[in-house]
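Asks: My file is start-v4.txt. It has compact mmCIF, C-alpha atoms:
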```txt
# COMPACT_ATOMS: atom_id res chain seq x y z
CA MET J 12 -2.34 -7.67 16.61
CA THR J 13 -2.64 -10.94 14.78
CA GLY J 14 -0.10 -12.50 12.48
CA THR J 15 2.31 -15.37 12.24
CA GLY J 16 5.37 -13.81 13.82
CA PRO J 17 8.97 -14.25 12.64
CA ARG J 18 9.78 -17.20 10.39
CA ASN J 19 13.04 -18.98 9.84
CA GLY J 20 14.91 -19.40 6.58
CA THR J 21 12.95 -18.72 3.40
CA ASP J 22 9.74 -20.54 4.24
CA ASP J 23 6.87 -19.70 1.92
CA VAL J 24 4.60 -16.88 3.07
CA ASP J 25 1.43 -15.46 1.58
CA VAL J 26 2.88 -12.08 0.62
CA VAL J 27 6.32 -10.52 0.36
CA ALA J 28 6.70 -6.76 -0.06
CA LEU J 29 9.91 -5.05 -1.11
CA GLY J 30 10.36 -1.34 -0.51
CA GLU J 31 11.62 1.51 1.62
CA SER J 32 10.01 2.44 4.91
CA MET J 33 10.83 5.64 6.72
CA VAL J 34 10.31 7.11 10.12
CA THR J 35 7.53 9.67 9.79
CA PHE J 36 7.13 12.76 11.94
CA LEU J 37 3.50 13.80 12.27
CA PRO J 38 2.67 17.37 13.36
CA SER J 39 1.19 18.08 16.77
CA ARG J 40 -1.17 20.62 15.21
CA PRO J 41 -2.24 21.92 11.77
CA GLY J 42 -0.17 24.58 10.06
CA ARG J 43 3.00 25.11 8.06
CA LEU J 44 6.01 22.99 8.91
CA ALA J 45 7.73 26.24 9.85
CA ASP J 46 5.09 26.84 12.54
CA VAL J 47 4.60 23.35 14.00
CA PRO J 48 6.37 23.19 17.39
CA SER J 49 6.56 19.41 17.83
CA PHE J 50 5.99 16.13 16.05
CA THR J 51 4.98 12.58 16.92
CA ARG J 52 7.03 9.70 15.56
CA ALA J 53 5.36 7.07 13.37
CA ILE J 54 6.33 4.93 10.39
CA GLY J 55 5.55 5.28 6.71
CA GLY J 56 6.14 3.13 3.67
CA ALA J 57 3.71 2.00 1.00
CA GLU J 58 4.90 -1.58 0.83
CA SER J 59 5.37 -2.12 4.56
CA ASN J 60 1.93 -0.59 5.17
CA VAL J 61 0.43 -3.26 2.94
CA VAL J 62 2.12 -6.21 4.65
CA CYS J 63 1.44 -4.83 8.13
CA MET J 64 -2.28 -4.73 7.37
CA LEU J 65 -2.17 -8.15 5.74
CA ALA J 66 -0.44 -9.62 8.79
CA ALA J 67 -3.01 -7.95 11.04
CA ALA J 68 -5.69 -9.59 8.88
CA GLY J 69 -4.22 -13.02 9.56
CA HIS J 70 -1.98 -13.60 6.54
CA SER J 71 1.69 -14.56 6.67
CA ALA J 72 3.76 -11.67 5.38
CA ARG J 73 7.40 -10.69 4.90
CA TRP J 74 9.02 -7.30 4.41
CA VAL J 75 12.33 -7.17 2.51
CA SER J 76 14.23 -3.91 2.69
CA ARG J 77 17.34 -2.12 3.89
CA VAL J 78 17.64 0.31 6.82
CA GLY J 79 20.48 2.10 8.50
CA ALA J 80 22.35 0.70 11.50
CA ASP J 81 20.77 3.42 13.60
CA GLY J 82 17.96 4.00 16.06
CA PHE J 83 15.45 4.86 13.37
CA GLY J 84 16.23 1.57 11.65
CA ASP J 85 15.70 -0.22 14.95
CA HIS J 86 12.34 1.48 15.33
CA LEU J 87 11.16 0.47 11.85
CA VAL J 88 12.19 -3.16 12.20
CA GLU J 89 10.69 -3.49 15.68
CA THR J 90 7.43 -1.74 14.81
CA ILE J 91 6.80 -3.61 11.57
CA GLY J 92 7.81 -6.89 13.19
CA ALA J 93 5.30 -6.25 15.98
CA TYR J 94 2.50 -6.56 13.42
CA GLY J 95 3.55 -10.17 12.86
CA VAL J 96 5.54 -9.41 9.70
CA ASP J 97 8.70 -11.43 9.06
CA VAL J 98 11.59 -8.92 9.09
CA THR J 99 14.38 -11.50 8.88
CA PHE J 100 15.50 -10.22 5.49
CA VAL J 101 15.77 -6.53 6.33
CA ALA J 102 19.45 -5.70 5.90
CA ARG J 103 21.28 -3.18 8.10
CA ASP J 104 23.56 -0.71 6.31
CA PRO J 105 26.42 0.67 8.42
CA ASP J 106 27.22 3.46 5.93
CA ARG J 107 23.82 4.87 4.96
CA PRO J 108 21.04 6.26 7.18
CA THR J 109 17.42 5.29 7.53
CA GLY J 110 15.18 7.70 5.62
CA ILE J 111 12.89 10.07 7.51
CA TYR J 112 10.26 12.60 6.55
CA PHE J 113 8.04 15.29 8.05
CA ARG J 114 4.57 16.19 6.86
CA THR J 115 1.81 18.63 7.70
CA ALA J 116 -1.60 17.60 8.95
CA GLY J 117 -3.54 18.78 5.90
CA ASP J 118 -5.01 16.74 3.08
CA ARG J 119 -2.31 15.52 0.71
CA ALA J 120 -4.45 16.57 -2.24
CA THR J 121 -4.28 20.29 -1.39
CA ASP J 122 -1.59 22.83 -2.19
CA ALA J 123 -1.24 23.58 1.52
CA HIS J 124 0.10 20.12 2.24
CA GLU J 125 3.85 19.97 2.83
CA VAL J 126 6.18 16.98 2.93
CA ALA J 127 9.89 17.27 3.69
CA TYR J 128 11.81 14.12 2.73
CA TYR J 129 15.26 13.27 4.04
CA ARG J 130 15.82 10.08 2.09
CA ALA J 131 18.52 10.88 -0.49
CA GLY J 132 21.33 8.37 -0.07
CA SER J 133 19.28 6.30 2.34
CA ALA J 134 20.04 2.68 3.11
CA ALA J 135 17.05 1.56 1.05
CA SER J 136 18.38 3.33 -2.04
CA ALA J 137 21.24 0.79 -2.01
CA MET J 138 18.88 -2.13 -2.64
CA ALA J 139 19.96 -4.02 -5.74
CA ALA J 140 19.86 -7.51 -7.17
CA GLY J 141 23.07 -8.29 -5.29
CA THR J 142 22.01 -6.85 -1.92
CA VAL J 143 18.68 -8.62 -1.35
CA GLU J 144 18.03 -12.29 -0.76
CA ALA J 145 16.46 -13.54 -3.99
CA ALA J 146 15.05 -16.68 -2.37
CA ALA J 147 13.20 -14.56 0.22
CA LEU J 148 11.44 -12.69 -2.60
CA ARG J 149 10.43 -15.82 -4.48
CA ALA J 150 9.11 -17.86 -1.54
CA CYS J 151 5.58 -16.45 -1.54
CA ARG J 152 2.24 -16.52 -3.29
CA ILE J 153 2.26 -12.78 -4.05
CA LEU J 154 5.21 -10.41 -4.43
CA HIS J 155 4.07 -6.81 -3.89
CA LEU J 156 6.09 -3.94 -5.38
CA SER J 157 5.62 -0.22 -5.87
CA GLY J 158 6.77 2.44 -8.29
CA ILE J 159 8.25 4.39 -5.39
CA THR J 160 11.13 1.91 -5.16
CA ALA J 161 11.97 2.40 -8.83
CA ALA J 162 12.54 6.12 -8.22
CA LEU J 163 15.06 5.68 -5.37
CA SER J 164 18.15 4.84 -7.44
CA ALA J 165 19.37 3.19 -10.62
CA ASP J 166 20.12 0.03 -8.64
CA CYS J 167 16.57 -0.04 -7.22
CA LEU J 168 15.14 0.40 -10.71
CA GLY J 169 17.31 -2.43 -11.98
CA LEU J 170 16.04 -4.66 -9.19
CA LEU J 171 12.40 -3.91 -10.03
CA ARG J 172 13.03 -4.56 -13.71
CA GLU J 173 14.44 -7.95 -12.81
CA LEU J 174 11.52 -8.78 -10.52
CA THR J 175 8.88 -7.80 -13.10
CA ALA J 176 10.58 -9.62 -15.97
CA PRO J 177 8.64 -12.72 -17.06
CA ARG J 178 10.20 -15.95 -15.88
CA PRO J 179 8.87 -19.44 -15.12
CA GLY J 180 7.78 -20.12 -11.57
CA ARG J 181 7.73 -16.53 -10.33
CA PRO J 182 5.05 -15.63 -7.77
CA LEU J 183 2.13 -13.47 -8.77
CA VAL J 184 3.60 -9.97 -9.07
CA SER J 185 1.47 -7.14 -7.68
CA PHE J 186 2.51 -3.60 -8.63
CA ASP J 187 1.12 -0.36 -7.24
CA VAL J 188 2.09 2.45 -9.63
CA ASN J 189 2.36 5.05 -6.83
CA PHE J 190 3.49 7.87 -9.11
CA ARG J 191 5.35 10.46 -7.01
CA PRO J 192 6.56 13.24 -9.35
CA GLY J 193 8.84 14.72 -6.69
CA LEU J 194 10.91 11.54 -6.50
CA TRP J 195 11.83 11.39 -10.18
CA ARG J 196 14.88 13.38 -11.24
CA ASP J 197 13.96 13.39 -14.91
CA ALA J 198 10.98 13.07 -17.21
CA GLU J 199 11.48 9.33 -17.70
CA GLY J 200 9.51 8.36 -14.60
CA PRO J 201 6.11 7.89 -16.27
CA ARG J 202 7.55 5.73 -19.06
CA VAL J 203 9.50 3.63 -16.56
CA LEU J 204 6.39 3.05 -14.46
CA LEU J 205 4.37 2.06 -17.52
CA ASP J 206 7.02 -0.50 -18.51
CA LEU J 207 7.14 -1.96 -14.99
CA ALA J 208 3.35 -2.15 -14.77
CA ARG J 209 3.22 -4.02 -18.08
CA GLY J 210 5.41 -6.73 -16.56
CA ALA J 211 3.19 -7.29 -13.51
CA ASP J 212 0.27 -9.69 -13.11
CA LEU J 213 -1.85 -7.40 -10.91
CA VAL J 214 -1.63 -3.60 -11.11
CA PHE J 215 -3.14 -0.88 -8.89
CA VAL J 216 -3.36 2.65 -10.28
CA GLY J 217 -5.42 5.71 -9.45
CA GLU J 218 -7.42 7.36 -12.22
CA ASP J 219 -5.89 10.70 -11.22
CA GLU J 220 -2.30 9.45 -11.23
CA ALA J 221 -2.79 7.74 -14.60
CA GLU J 222 -3.81 11.10 -16.01
CA ALA J 223 -0.89 12.88 -14.33
CA ALA J 224 1.69 10.30 -15.40
CA TRP J 225 0.46 9.21 -18.82
CA GLY J 226 -2.16 11.75 -19.83
CA ALA J 227 -4.82 9.04 -19.70
CA THR J 228 -8.28 10.59 -19.83
CA GLY J 229 -11.59 8.96 -20.61
CA GLY J 230 -11.99 6.78 -17.55
CA PRO J 231 -10.87 3.26 -16.63
CA GLY J 232 -11.24 1.99 -20.20
CA ALA J 233 -8.59 4.42 -21.42
CA ILE J 234 -6.20 3.20 -18.74
CA ARG J 235 -6.86 -0.41 -19.70
CA SER J 236 -5.95 0.42 -23.29
CA LEU J 237 -2.55 1.59 -22.02
CA LEU J 238 -2.13 -1.50 -19.86
CA PRO J 239 -3.59 -4.51 -21.67
CA GLU J 240 -0.88 -6.89 -20.43
CA PRO J 241 -1.65 -7.37 -16.69
CA ALA J 242 -4.22 -10.10 -16.11
CA VAL J 243 -5.82 -7.92 -13.43
CA LEU J 244 -5.87 -4.12 -13.50
CA VAL J 245 -7.46 -2.23 -10.62
CA VAL J 246 -8.33 1.41 -11.34
CA LYS J 247 -9.06 3.42 -8.19
CA GLN J 248 -11.56 6.21 -8.87
CA GLY J 249 -11.54 8.08 -5.57
CA ALA J 250 -14.97 8.82 -4.15
CA GLU J 251 -16.63 7.06 -7.08
CA GLY J 252 -15.20 3.65 -6.22
CA ALA J 253 -12.98 1.29 -8.21
CA THR J 254 -13.06 -0.77 -11.38
CA VAL J 255 -11.17 -4.00 -11.94
CA PHE J 256 -10.40 -5.47 -15.35
CA HIS J 257 -9.97 -9.22 -15.20
CA PRO J 258 -10.05 -12.20 -17.59
CA GLY J 259 -13.83 -12.39 -17.29
CA GLY J 260 -14.41 -8.73 -18.20
CA SER J 261 -14.68 -5.77 -15.83
CA THR J 262 -16.37 -5.15 -12.48
CA SER J 263 -17.03 -1.88 -10.66
CA VAL J 264 -17.93 -1.32 -7.02
CA PRO J 265 -18.87 2.09 -5.58
CA ALA J 266 -16.90 3.49 -2.69
CA LEU J 267 -18.30 3.57 0.81
CA ARG J 268 -19.41 6.68 2.63
CA VAL J 269 -16.89 7.25 5.39
CA ASP J 270 -16.61 9.75 8.25
CA VAL J 271 -12.97 10.57 7.56
CA VAL J 272 -10.62 11.17 10.47
CA ALA J 273 -7.45 11.55 8.38
CA PRO J 274 -7.23 11.30 4.57
CA VAL J 275 -4.04 9.22 4.54
CA GLY J 276 -3.18 5.58 4.03
CA ALA J 277 -6.29 4.66 2.03
CA GLY J 278 -4.45 3.56 -1.11
CA ASP J 279 -2.17 1.10 0.67
CA ALA J 280 -5.09 -0.17 2.74
CA PHE J 281 -7.19 -0.70 -0.39
CA ALA J 282 -4.38 -2.76 -1.93
CA ALA J 283 -4.10 -4.82 1.28
CA GLY J 284 -7.83 -5.53 1.32
CA PHE J 285 -7.88 -6.52 -2.35
CA LEU J 286 -4.82 -8.77 -1.93
CA SER J 287 -6.28 -10.38 1.19
CA ALA J 288 -9.46 -11.29 -0.69
CA THR J 289 -7.38 -12.48 -3.64
CA LEU J 290 -5.40 -14.82 -1.39
CA ARG J 291 -8.69 -16.18 -0.09
CA GLY J 292 -10.01 -16.79 -3.61
CA LEU J 293 -13.04 -14.55 -3.16
CA PRO J 294 -15.10 -13.35 -6.15
CA VAL J 295 -13.91 -10.22 -7.95
CA ARG J 296 -16.72 -8.05 -6.58
CA ASP J 297 -15.82 -9.04 -3.02
CA ARG J 298 -12.14 -8.32 -3.64
CA LEU J 299 -13.08 -4.75 -4.47
CA ARG J 300 -15.42 -4.53 -1.49
CA HIS J 301 -12.72 -5.77 0.88
CA GLY J 302 -10.42 -3.15 -0.63
CA HIS J 303 -12.97 -0.44 0.16
CA LEU J 304 -13.49 -1.81 3.69
CA MET J 305 -9.76 -1.85 4.44
CA ALA J 306 -9.46 1.69 3.05
CA ALA J 307 -12.31 2.73 5.35
CA ALA J 308 -10.38 1.29 8.30
CA ALA J 309 -7.42 3.53 7.42
CA LEU J 310 -9.55 6.62 6.84
CA THR J 311 -11.23 6.38 10.24
CA VAL J 312 -7.99 6.48 12.28
CA PRO J 313 -5.44 9.33 12.61
CA GLY J 314 -2.38 7.61 11.06
CA ASP J 315 -1.53 5.64 7.91
CA LEU J 316 -1.95 2.22 9.51
CA ALA J 317 -5.13 0.71 10.88
CA VAL J 318 -6.04 -2.61 12.39
CA PRO J 319 -8.61 -4.09 10.01
CA ALA J 320 -11.98 -5.42 11.01
CA ALA J 321 -12.13 -9.07 12.05
CA ARG J 322 -12.50 -11.31 9.02
CA ASP J 323 -16.04 -12.46 9.80
CA HIS J 324 -17.14 -8.85 10.43
CA ALA J 325 -15.68 -7.68 7.10
CA ASP J 326 -17.15 -10.69 5.31
CA ARG J 327 -20.64 -9.84 6.58
CA LEU J 328 -20.35 -6.31 5.25
CA ALA J 329 -18.87 -7.45 1.93
CA ALA J 330 -21.82 -9.82 1.47
CA LEU J 331 -24.49 -7.08 1.74
CA ASP J 332 -26.82 -6.67 -1.21
CA GLU J 333 -26.27 -3.72 -3.52
CA ALA J 334 -28.84 -1.50 -1.83
CA ALA J 335 -27.47 -2.13 1.68
CA TRP J 336 -23.90 -1.59 0.46
CA GLY J 337 -24.96 1.74 -1.00
CA ARG J 338 -26.50 2.83 2.29
CA LEU J 339 -23.53 1.80 4.40
CA ARG J 340 -21.69 4.57 6.23
CA LEU J 341 -18.65 3.85 8.39
CA GLY J 342 -17.30 5.97 11.22
CA PRO J 343 -14.49 5.80 13.78
CA GLY J 344 -14.50 2.54 15.69
CA TRP J 345 -16.41 0.55 13.09
CA THR J 346 -13.72 -2.13 12.86
CA ARG J 347 -14.38 -3.30 16.40
CA THR J 348 -16.67 -6.31 16.55
CA ALA J 349 -18.10 -5.59 20.00
CA GLU J 350 -21.81 -4.76 20.12
CA GLY J 351 -21.11 -1.09 20.71
CA ALA J 352 -19.01 -0.88 17.61
CA GLU J 353 -21.82 -2.22 15.45
CA LYS J 354 -23.58 1.08 16.11
CA GLU J 355 -20.81 2.79 14.15
CA VAL J 356 -22.09 1.07 11.02
CA ARG J 357 -25.07 3.10 9.93
CA THR J 358 -27.43 2.21 7.11
CA PRO J 359 -29.91 5.11 7.03
```
Is it possible to give me this structure as C-alpha cells?
Replies:
Amino acid sequence: MTGTGPRNGTDDVDVVALGESMVTFLPSRPGRLADVPSFTRAIGGAESNVVCMLAAAGHSARWVSRVGADGFGDHLVETIGAYGVDVTFVARDPDRPTGIYFRTAGDRATDAHEVAYYRAGSAASAMAAGTVEAAALRACRILHLSGITAALSADCLGLLRELTAPRPGRPLVSFDVNFRPGLWRDAEGPRVLLDLARGADLVFVGEDEAEAAWGATGGPGAIRSLLPEPAVLVVKQGAEGATVFHPGGSTSVPALRVDVVAPVGAGDAFAAGFLSATLRGLPVRDRLRHGHLMAAAALTVPGDLAVPAARDHADRLAALDEAAWGRLRLGPGWTRTAEGAEKEVRTP
C-alpha cells in the first residue's frame, strides 16, 4: 500500500472523509443468509472506502468517525490506518458498539440480495458537532460526506447540515447522495438529501437513485434541474457511463467494459477516482475516466476495496483516444503494471 501514514495534530491533508464504517461479514458461498454456514470478516463504509483508495493512490487522507471500544473497532481503525489513512481523529465510545453487517454474495441490484444491519445505536450514530474535532474536518482541500451519515441519527443529520452550510474558508465539500431507503425511518429522507446536496460544491448521484429518491426522470439534465446549486454535479449512469455538469457546460464519458468479479464497491471507487483527478487538476473528461478506471479496479476484485492502478498506468489509459477508450476491456489483474498484467487490458 502507498500513502502518507499517520499525521500529527490537524495538519492539512488532501481529503477528509466523515462517516460510519462497519465490520462486514461476507458469505463463504452464495445463498440465503439462513443457509450460509460461515463468513469472512472485512470492512465496509462508503466514506472510509473512498479515503482508503485515495491513500492507496498516493494522496494524504484522513478518516473522522466514531467506533466502539471493542475488538471490531480495533479492527476498523487498524485496517483503515494500514492503507495510510490518518485515523487520529477516530473517537472510541465506551458505551456504544461498533456497527456490523452481514450480506449475501448476490448482486445488490437483485431481489435475492440480503443485507442484515446491526448498527442501531452504534458508536457512529453518536457523532455530532460537539463530538468531532472541527479543526480536523476543516484542515483539508476536500471534505467528503455521504447521505448515509445523515440517516444515522438526528445528531448526525445536524452535523451534516452544519458542514454543508455555506461559510467563508470552508474546504471544497464533496457529497455522495447514497440514498439508502432502509436507513430512513420516515419519508423525509429524500428531501433531506436534496437539501444537503444543494449545499455541497461537488455532488455524486446515480441516475437510478435520483429517480428513486426524487422521481427524477428524463436523464442527467432533469437531475441538474433539481440540483442547479453545486458547481459540479456528477450523474452516474451505470453501464452507460457518467455525465458531469460543470461551469463550462457538461461532459459525458462512456463506461468501460469490465469482466466483473463482484458487483460491489464501484460507486465509492468511482468517487475516489474522480476526486483523485480533481486534486491533480486534470481536465473534466479525465476526471470521469479516472472515476471509471477506479471503479473497474473495484469491480475486478472480490471485495469492496481495491488497490488502484499505479498513477502512470492509469494516466496512460485515461489519455487514450475515443476509439481506443471504447475498445478497452479490463479484467482481473489489470491494475498491476508488470508486463503480464498488461495482457489483461484488451482492445479487440
Asks: Please provide the set of residues having any atom within 12 Å of Val47 (chain J), restricted to all atoms listed in the file, with same-chain residues fewer than 2 positions apart removed, written as a PyMOL selection string.
Replies: chain J and resi 36-45+49-51+113-116+125
Asks: Taking C-alpha atoms for each residue, export the selection above as a short mmCIF file (atom, residue, chain, number, x, y, z; two decimals), in the coordinates of the input.
Replies:
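Below is the file that was written, result-v3.cif:
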```cif
data_model
loop_
_atom_site.label_atom_id
_atom_site.label_comp_id
_atom_site.auth_asym_id
_atom_site.auth_seq_id
_atom_site.Cartn_x
_atom_site.Cartn_y
_atom_site.Cartn_z
CA PHE J 36 7.13 12.76 11.94
CA LEU J 37 3.50 13.80 12.27
CA PRO J 38 2.67 17.37 13.36
CA SER J 39 1.19 18.08 16.77
CA ARG J 40 -1.17 20.62 15.21
CA PRO J 41 -2.24 21.92 11.77
CA GLY J 42 -0.17 24.58 10.06
CA ARG J 43 3.00 25.11 8.06
CA LEU J 44 6.01 22.99 8.91
CA ALA J 45 7.73 26.24 9.85
CA SER J 49 6.56 19.41 17.83
CA PHE J 50 5.99 16.13 16.05
CA THR J 51 4.98 12.58 16.92
CA PHE J 113 8.04 15.29 8.05
CA ARG J 114 4.57 16.19 6.86
CA THR J 115 1.81 18.63 7.70
CA ALA J 116 -1.60 17.60 8.95
CA GLU J 125 3.85 19.97 2.83
#
```
Asks: Quick one: everything within 9 Å of Ala211 (chain J), counting only C-alpha atoms, minus sequence neighbours fewer than 6 positions away in the same chain. Send it as JSON, numbers by chain.
Replies: {"J": [174, 175, 176, 177, 183, 184, 185, 186, 240, 241, 242]}
Asks: If you count all atoms listed in the file, which residues fall within 12 Å of Asp85 (chain J), apart from same-chain ones fewer than 2 positions away, as a list of chain:residue names?
Replies: J:Ser32, J:Met33, J:Val34, J:Ile54, J:Arg77, J:Val78, J:Gly79, J:Ala80, J:Asp81, J:Gly82, J:Phe83, J:Leu87, J:Val88, J:Glu89, J:Thr90, J:Ile91, J:Gly92, J:Val98, J:Val101, J:Ala102, J:Arg103, J:Asp104, J:Pro108, J:Thr109
Asks: Restricting the calculation to all atoms listed in the file, which member of J:Leu299, J:Arg347, J:Asp315, J:Thr289 is positioned closest to Ala273 (chain J)?
Replies: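 Using all atoms listed in the file, Ala273 (chain J) sits closest to J:Asp315.
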Asks: With a distance cut-off of 9 Å and only C-alpha atoms, select the neighbouring residues of region 266-270 of chain J, excluding the residue or stretch itself and same-chain residues fewer than 3 positions from it, and output the selection as JSON, numbers by chain.
Replies: {"J": [248, 249, 250, 251, 252, 253, 300, 303, 304, 307, 310, 311, 336, 337, 338, 339, 340, 341, 342, 343]}
Asks: For Ala282 (chain J), which residue among J:Val312, J:Val61, J:Ala227, J:Ala127 is the nearest when counting only C-alpha atoms?
Replies: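 Selected residue with least distance to Ala282 (chain J): J:Val61.
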Asks: Expressed in Å to a single decimal, how great is the separation between CA of Ser136 (chain J) and CA of Arg149 (chain J)?
Replies: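 Result for CA of Ser136 (chain J) versus CA of Arg149 (chain J): 20.9 Å, one decimal.
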Asks: Given the point (5.6, 2.2, -6.7) in the file's coordinates, find the residues that have an atom at most 6 Å from it, counting all atoms listed in the file, and give them as a VMD selection string.
Replies: chain J and resid 157 to 160 187 to 189
Asks: With the input short on atoms, add all heavy atoms back to region 181-189 of chain J and write it as a JSON list (two decimals), in the coordinates of the input.
Replies:
```json
[["chain", "number", "residue", "atom", "x", "y", "z"],
["J", 181, "ARG", "N", 7.72, -17.70, -11.21],
["J", 181, "ARG", "CA", 7.73, -16.53, -10.33],
["J", 181, "ARG", "C", 6.37, -16.44, -9.61],
["J", 181, "ARG", "O", 5.34, -16.90, -10.13],
["J", 181, "ARG", "CB", 8.01, -15.25, -11.10],
["J", 181, "ARG", "CG", 6.82, -14.68, -11.86],
["J", 181, "ARG", "CD", 7.13, -13.34, -12.52],
["J", 181, "ARG", "NE", 5.90, -12.71, -13.01],
["J", 181, "ARG", "CZ", 5.85, -11.55, -13.66],
["J", 181, "ARG", "NH1", 6.98, -10.90, -13.94],
["J", 181, "ARG", "NH2", 4.70, -11.06, -14.06],
["J", 182, "PRO", "N", 6.34, -15.84, -8.42],
["J", 182, "PRO", "CA", 5.05, -15.63, -7.77],
["J", 182, "PRO", "C", 4.22, -14.62, -8.54],
["J", 182, "PRO", "O", 4.73, -13.93, -9.43],
["J", 182, "PRO", "CB", 5.44, -15.09, -6.39],
["J", 182, "PRO", "CG", 6.78, -14.47, -6.59],
["J", 182, "PRO", "CD", 7.47, -15.30, -7.64],
["J", 183, "LEU", "N", 2.95, -14.52, -8.19],
["J", 183, "LEU", "CA", 2.13, -13.47, -8.77],
["J", 183, "LEU", "C", 2.71, -12.12, -8.38],
["J", 183, "LEU", "O", 2.94, -11.87, -7.20],
["J", 183, "LEU", "CB", 0.68, -13.61, -8.27],
["J", 183, "LEU", "CG", -0.36, -12.65, -8.87],
["J", 183, "LEU", "CD1", -1.71, -13.33, -8.92],
["J", 183, "LEU", "CD2", -0.46, -11.35, -8.08],
["J", 184, "VAL", "N", 2.98, -11.27, -9.34],
["J", 184, "VAL", "CA", 3.60, -9.97, -9.07],
["J", 184, "VAL", "C", 2.53, -8.89, -9.05],
["J", 184, "VAL", "O", 1.83, -8.65, -10.03],
["J", 184, "VAL", "CB", 4.68, -9.63, -10.11],
["J", 184, "VAL", "CG1", 5.21, -8.21, -9.89],
["J", 184, "VAL", "CG2", 5.81, -10.64, -10.06],
["J", 185, "SER", "N", 2.39, -8.25, -7.89],
["J", 185, "SER", "CA", 1.47, -7.14, -7.68],
["J", 185, "SER", "C", 2.27, -5.84, -7.71],
["J", 185, "SER", "O", 3.30, -5.73, -7.05],
["J", 185, "SER", "CB", 0.76, -7.32, -6.33],
["J", 185, "SER", "OG", 0.13, -6.13, -5.92],
["J", 186, "PHE", "N", 1.78, -4.85, -8.47],
["J", 186, "PHE", "CA", 2.51, -3.60, -8.63],
["J", 186, "PHE", "C", 1.57, -2.43, -8.45],
["J", 186, "PHE", "O", 0.58, -2.28, -9.17],
["J", 186, "PHE", "CB", 3.15, -3.55, -10.02],
["J", 186, "PHE", "CG", 3.98, -2.31, -10.27],
["J", 186, "PHE", "CD1", 5.22, -2.15, -9.67],
["J", 186, "PHE", "CD2", 3.52, -1.30, -11.11],
["J", 186, "PHE", "CE1", 5.99, -1.01, -9.91],
["J", 186, "PHE", "CE2", 4.28, -0.17, -11.35],
["J", 186, "PHE", "CZ", 5.52, -0.03, -10.74],
["J", 187, "ASP", "N", 1.86, -1.60, -7.45],
["J", 187, "ASP", "CA", 1.12, -0.36, -7.24],
["J", 187, "ASP", "C", 1.92, 0.77, -7.87],
["J", 187, "ASP", "O", 3.07, 1.02, -7.48],
["J", 187, "ASP", "CB", 0.94, -0.11, -5.74],
["J", 187, "ASP", "CG", -0.08, 0.98, -5.45],
["J", 187, "ASP", "OD1", -0.26, 1.88, -6.30],
["J", 187, "ASP", "OD2", -0.70, 0.95, -4.37],
["J", 188, "VAL", "N", 1.34, 1.44, -8.86],
["J", 188, "VAL", "CA", 2.09, 2.45, -9.63],
["J", 188, "VAL", "C", 2.65, 3.53, -8.73],
["J", 188, "VAL", "O", 3.82, 3.92, -8.86],
["J", 188, "VAL", "CB", 1.18, 3.06, -10.72],
["J", 188, "VAL", "CG1", 1.88, 4.24, -11.40],
["J", 188, "VAL", "CG2", 0.84, 1.99, -11.76],
["J", 189, "ASN", "N", 1.87, 4.08, -7.80],
["J", 189, "ASN", "CA", 2.36, 5.05, -6.83],
["J", 189, "ASN", "C", 3.25, 6.12, -7.46],
["J", 189, "ASN", "O", 4.40, 6.31, -7.07],
["J", 189, "ASN", "CB", 3.13, 4.34, -5.71],
["J", 189, "ASN", "CG", 2.26, 4.06, -4.49],
["J", 189, "ASN", "OD1", 1.39, 4.86, -4.15],
["J", 189, "ASN", "ND2", 2.50, 2.95, -3.84]]
```
